[in-house]
file data16.tsv (TSV, C-alpha atoms)
chain	number	residue	atom	x	y	z
J	35	MET	CA	115.00	119.71	93.71
J	36	HIS	CA	112.08	121.49	92.06
J	37	LEU	CA	110.36	119.36	89.45
J	38	ALA	CA	108.16	122.10	88.06
J	39	LYS	CA	109.11	125.37	86.46
J	40	ARG	CA	108.22	128.42	88.51
J	41	VAL	CA	104.47	128.47	87.95
J	42	ARG	CA	102.62	131.75	87.99
J	43	PHE	CA	99.32	131.40	89.82
J	44	SER	CA	97.39	134.18	88.10
J	45	HIS	CA	95.44	131.47	86.27
J	46	ILE	CA	93.86	130.44	89.60
J	47	ALA	CA	93.28	133.91	91.00
J	48	ARG	CA	89.55	133.41	90.64
J	49	MET	CA	89.59	130.08	92.50
J	50	SER	CA	88.08	130.20	95.96
J	51	LEU	CA	90.12	127.45	97.62
J	52	ARG	CA	93.83	126.67	97.22
J	53	ALA	CA	95.87	123.94	98.87
J	54	VAL	CA	99.41	122.74	99.55
J	55	ASP	CA	100.04	119.01	100.06
J	56	LEU	CA	103.01	117.98	102.27
J	57	PHE	CA	104.33	114.40	102.28
J	58	CYS	CA	102.14	114.24	99.19
J	59	GLY	CA	103.25	110.86	97.85
J	60	ALA	CA	101.80	110.06	94.46
J	61	GLY	CA	98.84	112.34	95.16
J	62	GLY	CA	95.89	110.52	96.76
J	63	SER	CA	94.97	113.38	99.10
J	64	SER	CA	95.26	115.94	96.34
J	65	VAL	CA	93.14	113.88	93.95
J	66	GLY	CA	90.42	113.82	96.59
J	67	ALA	CA	90.73	117.52	97.38
J	68	ARG	CA	90.65	118.38	93.67
J	69	SER	CA	87.44	116.36	93.31
J	70	ALA	CA	85.97	118.48	96.11
J	71	GLY	CA	86.75	121.64	94.11
J	72	VAL	CA	90.16	122.63	95.49
J	73	GLU	CA	93.07	123.92	93.38
J	74	ILE	CA	96.35	122.19	94.26
J	75	VAL	CA	99.00	124.91	94.21
J	76	ALA	CA	102.06	123.04	95.49
J	77	ALA	CA	103.24	119.73	96.93
J	78	VAL	CA	106.33	118.32	98.64
J	79	ASP	CA	107.68	114.77	98.87
J	80	ALA	CA	111.10	113.26	99.53
J	81	TRP	CA	110.74	110.32	97.10
J	82	ASP	CA	111.66	111.42	93.61
J	83	LEU	CA	109.43	108.84	91.91
J	84	ALA	CA	106.38	109.88	93.96
J	85	ALA	CA	107.09	113.56	93.24
J	86	THR	CA	107.41	112.82	89.51
J	87	THR	CA	104.13	110.88	89.58
J	88	PHE	CA	102.43	113.75	91.39
J	89	GLN	CA	103.72	116.24	88.81
J	90	HIS	CA	102.42	114.05	85.99
J	91	ASN	CA	98.92	114.09	87.46
J	92	PHE	CA	99.06	117.75	88.58
J	93	PRO	CA	101.04	119.44	85.81
J	94	ARG	CA	100.21	122.99	86.97
J	95	ALA	CA	101.25	122.46	90.58
J	96	HIS	CA	104.66	123.50	91.91
J	97	VAL	CA	106.11	120.14	93.03
J	98	ILE	CA	109.15	120.09	95.30
J	99	ASN	CA	111.21	116.91	95.68
J	100	ASP	CA	112.82	117.49	99.05
J	101	VAL	CA	113.08	116.09	102.58
J	102	LEU	CA	111.01	118.07	105.06
J	103	SER	CA	112.55	118.97	108.41
J	104	ASP	CA	112.14	121.42	111.30
J	105	ARG	CA	113.80	124.05	109.09
J	106	SER	CA	111.47	123.59	106.10
J	107	ARG	CA	109.65	126.66	104.88
J	108	PRO	CA	107.59	127.24	101.72
J	109	PRO	CA	109.42	128.83	98.78
J	110	ALA	CA	108.58	132.40	97.82
J	111	ILE	CA	106.39	131.32	94.92
J	112	VAL	CA	104.10	129.54	97.40
J	113	ARG	CA	104.31	132.22	100.12
J	114	ASP	CA	103.26	134.84	97.57
J	115	THR	CA	99.89	133.23	96.90
J	116	ARG	CA	97.03	132.75	99.32
J	117	ILE	CA	96.81	129.20	100.67
J	118	ASP	CA	93.50	128.21	102.27
J	119	LEU	CA	94.10	124.52	103.03
J	120	LEU	CA	97.12	122.51	104.07
J	121	LEU	CA	97.11	118.73	103.59
J	122	ALA	CA	99.78	116.51	105.12
J	123	SER	CA	100.40	112.78	105.51
J	124	PRO	CA	103.55	112.56	107.65
J	125	GLU	CA	105.58	109.36	107.68
J	126	CYS	CA	103.51	106.57	109.23
J	127	THR	CA	105.75	103.48	109.18
J	128	ASP	CA	107.13	103.99	112.66
J	129	HIS	CA	103.67	104.61	114.12
J	130	SER	CA	102.13	101.55	112.48
J	131	VAL	CA	101.65	98.16	114.15
J	132	ALA	CA	103.12	96.72	110.94
J	133	LYS	CA	106.50	97.87	112.26
J	134	GLY	CA	106.27	95.09	114.85
J	135	ASN	CA	108.98	95.10	117.51
J	136	ARG	CA	111.65	96.64	115.30
J	137	PRO	CA	113.32	99.80	116.62
J	138	ARG	CA	111.47	103.05	115.92
J	139	ASP	CA	113.06	105.92	114.02
J	140	GLU	CA	112.51	109.01	116.18
J	141	GLU	CA	113.08	111.39	113.26
J	142	SER	CA	110.34	109.60	111.32
J	143	LEU	CA	108.03	109.71	114.35
J	144	ARG	CA	108.62	113.47	114.59
J	145	SER	CA	107.86	114.11	110.92
J	146	ALA	CA	104.42	115.52	111.80
J	147	GLN	CA	106.20	118.44	113.46
J	148	PHE	CA	107.83	119.31	110.12
J	149	VAL	CA	104.56	120.76	108.81
J	150	LEU	CA	104.72	123.59	111.37
J	151	GLY	CA	107.09	125.74	109.30
J	152	TYR	CA	104.56	125.74	106.46
J	153	VAL	CA	101.65	126.34	108.84
J	154	LYS	CA	103.36	129.36	110.43
J	155	ALA	CA	104.39	130.85	107.09
J	156	LEU	CA	101.16	130.28	105.17
J	157	LYS	CA	98.54	130.50	107.95
J	158	PRO	CA	95.92	128.50	106.01
J	159	ARG	CA	92.35	128.67	107.31
J	160	TRP	CA	92.08	124.86	107.30
J	161	LEU	CA	94.36	121.87	107.64
J	162	VAL	CA	94.01	118.09	107.42
J	163	ILE	CA	96.68	115.80	108.87
J	164	GLU	CA	96.31	112.11	107.92
J	165	ASN	CA	98.10	109.14	109.47
J	166	VAL	CA	97.63	105.64	110.85
J	167	ILE	CA	95.41	105.52	113.93
J	168	GLN	CA	98.38	104.53	116.14
J	169	MET	CA	99.73	108.07	115.77
J	170	ARG	CA	97.55	109.06	118.74
J	171	ARG	CA	99.66	106.77	120.96
J	172	TRP	CA	102.85	108.60	119.98
J	173	VAL	CA	104.49	110.29	122.95
J	174	GLY	CA	104.77	113.52	120.92
J	175	TYR	CA	101.13	113.61	119.81
J	176	GLU	CA	99.93	116.02	122.51
J	177	GLU	CA	102.88	118.33	121.87
J	178	PHE	CA	102.08	118.31	118.15
J	179	ALA	CA	98.41	119.08	118.76
J	180	GLY	CA	99.43	121.79	121.24
J	181	ASN	CA	101.65	123.45	118.65
J	182	LEU	CA	98.72	123.59	116.24
J	183	HIS	CA	96.45	124.98	118.97
J	184	ARG	CA	99.00	127.73	119.61
J	185	GLN	CA	98.85	128.59	115.92
J	186	GLY	CA	95.14	129.24	116.38
J	187	TYR	CA	93.60	125.97	115.19
J	188	HIS	CA	90.56	124.24	116.62
J	189	LEU	CA	91.19	120.52	116.12
J	190	THR	CA	88.86	117.56	115.68
J	191	PRO	CA	90.55	114.16	115.30
J	192	GLN	CA	88.50	111.45	113.58
J	193	VAL	CA	89.09	107.83	112.66
J	194	LEU	CA	87.52	107.10	109.28
J	195	ASP	CA	87.19	103.82	107.39
J	196	ALA	CA	87.55	104.08	103.62
J	197	ALA	CA	84.90	101.35	103.20
J	198	ASP	CA	82.30	103.81	104.53
J	199	PHE	CA	83.10	106.18	101.65
J	200	GLY	CA	82.53	103.82	98.74
J	201	VAL	CA	86.10	102.50	98.60
J	202	PRO	CA	86.21	98.69	98.11
J	203	GLN	CA	88.72	98.37	100.96
J	204	THR	CA	88.64	98.36	104.74
J	205	ARG	CA	91.19	101.04	105.66
J	206	ARG	CA	90.96	102.89	108.98
J	207	ARG	CA	93.00	106.07	109.24
J	208	LEU	CA	93.27	109.06	111.57
J	209	PHE	CA	92.30	112.44	110.13
J	210	ILE	CA	93.03	115.54	112.24
J	211	LEU	CA	90.82	118.36	111.00
J	212	GLY	CA	91.86	121.92	111.84
J	213	ASP	CA	90.03	125.24	111.42
J	214	ARG	CA	91.23	128.65	112.60
J	215	GLU	CA	87.70	130.05	112.91
J	216	ARG	CA	85.51	127.28	114.33
J	217	ILE	CA	85.55	123.75	115.71
J	218	PRO	CA	85.33	121.26	112.84
J	219	SER	CA	82.38	118.88	112.79
J	220	GLU	CA	82.85	115.63	114.67
J	221	VAL	CA	81.15	113.71	111.86
J	222	VAL	CA	82.30	113.40	108.25
J	223	PRO	CA	79.19	112.00	106.55
J	224	PRO	CA	79.78	108.61	104.90
J	225	ARG	CA	78.93	108.20	101.25
J	226	ARG	CA	75.55	106.87	100.26
J	227	GLY	CA	75.23	103.51	98.56
J	228	GLY	CA	76.84	101.29	101.19
J	229	GLN	CA	80.08	99.37	101.07
J	230	ARG	CA	81.56	97.95	97.88
J	231	SER	CA	83.03	94.49	97.71
J	232	ALA	CA	86.44	93.38	96.46
J	233	ARG	CA	84.71	92.16	93.29
J	234	SER	CA	84.45	95.77	92.11
J	235	ALA	CA	88.25	96.01	92.03
J	236	VAL	CA	89.40	92.47	91.23
J	237	SER	CA	89.04	90.71	87.89
J	238	VAL	CA	88.19	87.02	88.14
J	239	ALA	CA	88.49	86.53	84.37
J	240	THR	CA	91.04	83.77	83.95
J	241	ASP	CA	92.28	85.00	80.56
J	242	ARG	CA	93.27	88.55	81.54
J	243	TRP	CA	96.43	87.91	83.57
J	244	PRO	CA	98.43	84.67	83.73
J	245	ALA	CA	98.01	82.42	86.75
J	246	LYS	CA	99.78	79.26	87.87
J	247	PRO	CA	98.35	76.14	89.47
J	248	LEU	CA	97.95	76.55	93.22
J	249	TYR	CA	99.34	73.09	93.89
J	250	SER	CA	103.01	73.18	92.98
J	251	PRO	CA	106.09	71.63	94.58
J	252	LYS	CA	107.53	75.15	94.94
J	253	ARG	CA	104.46	76.53	96.73
J	254	ALA	CA	104.94	77.26	100.44
J	255	ALA	CA	102.99	75.04	102.82
J	256	GLY	CA	101.52	78.09	104.53
J	257	THR	CA	100.08	79.36	101.23
J	258	ILE	CA	98.45	75.98	100.54
J	259	ALA	CA	97.03	75.87	104.07
J	260	ARG	CA	95.39	79.31	103.71
J	261	ALA	CA	93.90	78.39	100.36
J	262	GLU	CA	92.55	75.10	101.68
J	263	ARG	CA	90.90	76.89	104.61
J	264	ALA	CA	89.14	79.11	102.08
J	265	MET	CA	88.06	76.18	99.92
J	266	SER	CA	86.75	74.38	102.97
J	267	ALA	CA	84.63	77.40	103.89
J	268	LEU	CA	83.47	78.44	100.40
J	269	GLY	CA	83.46	75.22	98.44
J	270	ARG	CA	85.34	74.40	95.27
J	271	GLY	CA	84.92	76.56	92.19
J	272	VAL	CA	84.53	79.84	94.14
J	273	PRO	CA	87.29	82.46	93.64
J	274	PHE	CA	88.83	84.07	96.74
J	275	LEU	CA	91.80	86.09	97.98
J	276	ILE	CA	94.65	84.89	100.15
J	277	VAL	CA	97.39	86.69	102.06
J	278	TYR	CA	100.36	85.43	100.08
J	279	TYR	CA	103.08	86.93	102.28
J	280	GLY	CA	102.80	87.15	106.06
J	281	SER	CA	99.60	86.35	107.91
J	282	ASP	CA	96.63	87.96	109.57
J	283	GLY	CA	94.11	87.22	112.30
J	284	ALA	CA	91.38	85.96	109.98
J	285	GLY	CA	92.80	82.75	108.58
J	286	GLY	CA	94.87	84.34	105.82
J	287	TRP	CA	92.07	84.50	103.24
J	288	GLN	CA	88.94	86.46	102.42
J	289	SER	CA	85.83	86.28	100.28
J	290	LEU	CA	85.45	88.60	97.30
J	291	ASP	CA	82.02	89.55	98.64
J	292	ARG	CA	83.41	91.95	101.27
J	293	PRO	CA	85.78	94.93	100.93
J	294	LEU	CA	89.46	94.21	100.50
J	295	ARG	CA	91.56	94.08	103.61
J	296	THR	CA	93.86	97.05	104.04
J	297	LEU	CA	96.25	97.36	101.11
J	298	THR	CA	99.84	97.98	102.14
J	299	THR	CA	103.10	98.85	100.43
J	300	LEU	CA	103.80	95.12	100.00
J	301	ASP	CA	102.70	92.91	97.11
J	302	ARG	CA	100.94	90.47	99.42
J	303	PHE	CA	97.46	89.58	98.10
J	304	GLY	CA	96.89	86.65	95.77
J	305	LEU	CA	93.75	85.70	93.86
J	306	VAL	CA	92.66	82.08	93.48
J	307	THR	CA	90.46	81.35	90.47
J	308	TRP	CA	89.49	78.08	88.82
J	309	GLU	CA	90.14	76.38	85.52
J	310	GLY	CA	87.68	73.53	85.71
J	311	GLU	CA	88.59	71.66	88.89
J	312	THR	CA	92.07	73.18	89.07
J	313	PRO	CA	92.65	76.11	91.44
J	314	MET	CA	94.93	78.76	89.91
J	315	LEU	CA	96.83	81.50	91.74
J	316	ARG	CA	98.14	84.92	90.69
J	317	MET	CA	99.03	88.11	92.54
J	318	LEU	CA	96.75	91.13	92.35
J	319	GLN	CA	97.84	93.53	89.62
J	320	VAL	CA	98.65	97.24	89.87
J	321	ASP	CA	95.45	98.17	88.05
J	322	GLU	CA	93.42	96.17	90.57
J	323	LEU	CA	95.19	97.75	93.52
J	324	LYS	CA	94.56	101.18	92.00
J	325	LYS	CA	90.85	100.31	91.87
J	326	GLY	CA	91.08	98.98	95.41
J	327	MET	CA	92.31	102.43	96.52
J	328	ASP	CA	89.53	103.97	94.38
J	329	PHE	CA	91.74	106.24	92.32
J	330	PRO	CA	89.93	107.63	89.25
J	331	LYS	CA	90.66	106.11	85.85
J	332	GLU	CA	92.51	109.23	84.68
J	333	PHE	CA	95.08	108.99	87.50
J	334	GLU	CA	98.26	107.48	86.09
J	335	LEU	CA	101.38	105.81	87.46
J	336	PRO	CA	103.55	106.46	84.40
J	337	SER	CA	106.84	105.10	85.68
J	338	GLY	CA	108.42	102.89	88.31
J	339	SER	CA	108.74	99.15	88.75
J	340	ARG	CA	105.78	97.03	89.80
J	341	ARG	CA	107.16	97.06	93.35
J	342	GLU	CA	107.50	100.86	93.36
J	343	ARG	CA	104.02	101.44	91.97
J	344	ILE	CA	102.51	99.15	94.60
J	345	MET	CA	104.43	101.07	97.26
J	346	MET	CA	103.05	104.38	95.98
J	347	LEU	CA	99.51	103.04	96.08
J	348	GLY	CA	99.91	101.47	99.52
J	349	ASN	CA	101.26	104.74	100.92
J	350	ALA	CA	98.41	106.79	99.49
J	351	VAL	CA	95.23	108.26	100.93
J	352	CYS	CA	92.06	106.93	99.29
J	353	PRO	CA	90.81	109.93	97.27
J	354	PRO	CA	87.08	109.57	98.09
J	355	VAL	CA	87.84	109.80	101.82
J	356	MET	CA	89.83	113.02	101.45
J	357	GLU	CA	87.16	114.39	99.14
J	358	ALA	CA	84.53	113.85	101.84
J	359	VAL	CA	86.80	115.29	104.56
J	360	VAL	CA	87.49	118.46	102.57
J	361	GLU	CA	83.83	118.86	101.65
J	362	SER	CA	82.87	118.57	105.32
J	363	LEU	CA	85.64	120.83	106.64
J	364	CYS	CA	85.37	123.56	104.00
J	365	ALA	CA	81.65	123.24	103.23
J	366	GLU	CA	80.83	126.93	103.58
J	367	ARG	CA	83.55	128.13	101.19
J	368	LEU	CA	82.98	125.34	98.69
J	369	SER	CA	79.24	126.08	98.65
J	370	ALA	CA	79.94	129.74	98.00
J	371	LYS	CA	82.31	128.82	95.16
J	372	ALA	CA	79.73	126.51	93.59
J	373	ALA	CA	77.08	129.24	93.76
J	374	ALA	CA	79.33	131.89	92.19
call {"tool": "encode", "arguments": {"input": "data16.tsv", "output": "structure tokens"}}
result
Amino acid sequence: MHLAKRVRFSHIARMSLRAVDLFCGAGGSSVGARSAGVEIVAAVDAWDLAATTFQHNFPRAHVINDVLSDRSRPPAIVRDTRIDLLLASPECTDHSVAKGNRPRDEESLRSAQFVLGYVKALKPRWLVIENVIQMRRWVGYEEFAGNLHRQGYHLTPQVLDAADFGVPQTRRRLFILGDRERIPSEVVPPRRGGQRSARSAVSVATDRWPAKPLYSPKRAAGTIARAERAMSALGRGVPFLIVYYGSDGAGGWQSLDRPLRTLTTLDRFGLVTWEGETPMLRMLQVDELKKGMDFPKEFELPSGSRRERIMMLGNAVCPPVMEAVVESLCAERLSAKAAA
């Protein structure tokens, strides 16, 4: 299903850098690349809601709502324009430790291989493949890298933490940088200014979103225990975050004075604030999670349930990280474009 009309790309003929985004989701990678000075020509995603969201934020891109496979090839409208950069975030669920001991879906694990049809057809100078860091443990990782090498790419894999790029979230991801002409730099420079805390994303104002008393007969004992560990460490009257669903290795809570823990596709983080001596609890809101991923204000999630919008954000790439990656990988061309 093609969401966009057949777009003619004469309006970007003067642009120096053009990109296609595969497994694009709602558009985090493309937002970052666009901020670096790249024109997003086309994108592909299997989830209709994500594809619609991408189209809303990139109205001039040719957005394709389709499932990628070994047989996938770019449509003629994309083949007929020069593509300099390919971005891709193949399915990560079956690589992630969050999958636990549940059976792995081999087709999902192989989804990285589905970018090869686009790579062979378009022959972009650069590519960036993003995934969870556990992708490197995948039995097919070396075969995948070998296929890219045979297409002429020099590869540099890097693990980057979004917190080092001004994002108020600790989020470590694998970025495979590819260049057909030279070996990509082993260092993507972090952003100046240091890390940002969760306070920059989360509102502690008690009158903005409704909260309920923490102590309630319906509240799970585990939730109360996490909150009481936080209160014991911080003292009463200090707001904090708890892991509402599931658990983690750090007591199930965190201070607002450090970056958020990794945001996922689940609605799992609660905020405890205070009304006098009474601790109040609410879940983080979509707007706060959007700030936690460091999407710009103009990026919109125009449709979908709360659950679906949280899933789109949790699946996304933090735009400032991709912006820095693209600036590092394509520095020479972007500098020439800026000077023109």
call {"tool": "residues_around", "arguments": {"input": "data16.tsv", "residues": "Thr312 in chain J", "least_positions_apart": "2", "cutoff": "10 Å", "atoms": "all atoms listed in the file", "output": "PyMOL selection string"}}
result
chain J and resi 246-249+270-271+306-310+314-315
call {"tool": "write_last_selection", "arguments": {"input": "data16.tsv", "atoms": "C-alpha atoms", "output": "mmCIF file, in the frame of the given file"}}
result
data_model
loop_
_atom_site.group_PDB
_atom_site.id
_atom_site.type_symbol
_atom_site.label_atom_id
_atom_site.label_comp_id
_atom_site.auth_asym_id
_atom_site.auth_seq_id
_atom_site.Cartn_x
_atom_site.Cartn_y
_atom_site.Cartn_z
ATOM 1 C CA LYS J 246 99.780 79.260 87.870
ATOM 2 C CA PRO J 247 98.350 76.140 89.470
ATOM 3 C CA LEU J 248 97.950 76.550 93.220
ATOM 4 C CA TYR J 249 99.340 73.090 93.890
ATOM 5 C CA ARG J 270 85.340 74.400 95.270
ATOM 6 C CA GLY J 271 84.920 76.560 92.190
ATOM 7 C CA VAL J 306 92.660 82.080 93.480
ATOM 8 C CA THR J 307 90.460 81.350 90.470
ATOM 9 C CA TRP J 308 89.490 78.080 88.820
ATOM 10 C CA GLU J 309 90.140 76.380 85.520
ATOM 11 C CA GLY J 310 87.680 73.530 85.710
ATOM 12 C CA MET J 314 94.930 78.760 89.910
ATOM 13 C CA LEU J 315 96.830 81.500 91.740
#
call {"tool": "atom_distance", "arguments": {"input": "data16.tsv", "atom1": "CA of Ala196 in chain J", "atom2": "CA of Gly228 in chain J"}}
result
11.3 Å
call {"tool": "residues_around", "arguments": {"input": "data16.tsv", "residues": "Val201 in chain J", "least_positions_apart": "4", "cutoff": "8 Å", "atoms": "only C-alpha atoms", "output": "number ranges by chain"}}
result
J: 196-197, 229-230, 293, 326-328, 352, 354
call {"tool": "atom_distance", "arguments": {"input": "data16.tsv", "atom1": "CA of Arg144 in chain J", "atom2": "CA of Arg184 in chain J"}}
result
17.9 Å
call {"tool": "atom_distance", "arguments": {"input": "data16.tsv", "atom1": "CA of Arg341 in chain J", "atom2": "CA of Leu275 in chain J"}}
result
19.4 Å
call {"tool": "residues_around", "arguments": {"input": "data16.tsv", "residues": "Leu347 in chain J", "least_positions_apart": "2", "cutoff": "8 Å", "atoms": "all atoms listed in the file", "output": "list in words"}}
result
Ala60, Thr298, Thr299, Leu323, Lys324, Met327, Arg343, Ile344, Met345, Asn349 and Ala350 of chain J
call {"tool": "residues_around", "arguments": {"input": "data16.tsv", "residues": "range 152-167 of chain J", "least_positions_apart": "2", "cutoff": "8 Å", "atoms": "all atoms listed in the file", "output": "ChimeraX atom specification"}}
result
/J:106-108,113,116-126,129-130,149-150,169-170,185,193,206-215,363-364
call {"tool": "residues_around", "arguments": {"input": "data16.tsv", "residues": "range 172-179 of chain J", "least_positions_apart": "4", "cutoff": "8 Å", "atoms": "only C-alpha atoms", "output": "JSON, numbers by chain"}}
result
{"J": [129, 143, 144, 146, 147, 168, 183, 189]}
call {"tool": "closest_residue", "arguments": {"input": "data16.tsv", "among": "J:Asp198, J:Asp114, J:Asp241, J:Glu73", "to": "Pro224 in chain J", "atoms": "all atoms listed in the file"}}
result
J:Asp198
call {"tool": "closest_residue", "arguments": {"input": "data16.tsv", "among": "J:Leu305, J:Gln288, J:Asp55, J:Ile217", "to": "Ala239 in chain J", "atoms": "all atoms listed in the file"}}
result
J:Leu305
call {"tool": "closest_residue", "arguments": {"input": "data16.tsv", "among": "J:Ala110, J:Leu335, J:Ala232, J:Val97", "to": "Ile74 in chain J", "atoms": "all atoms listed in the file"}}
result
J:Val97
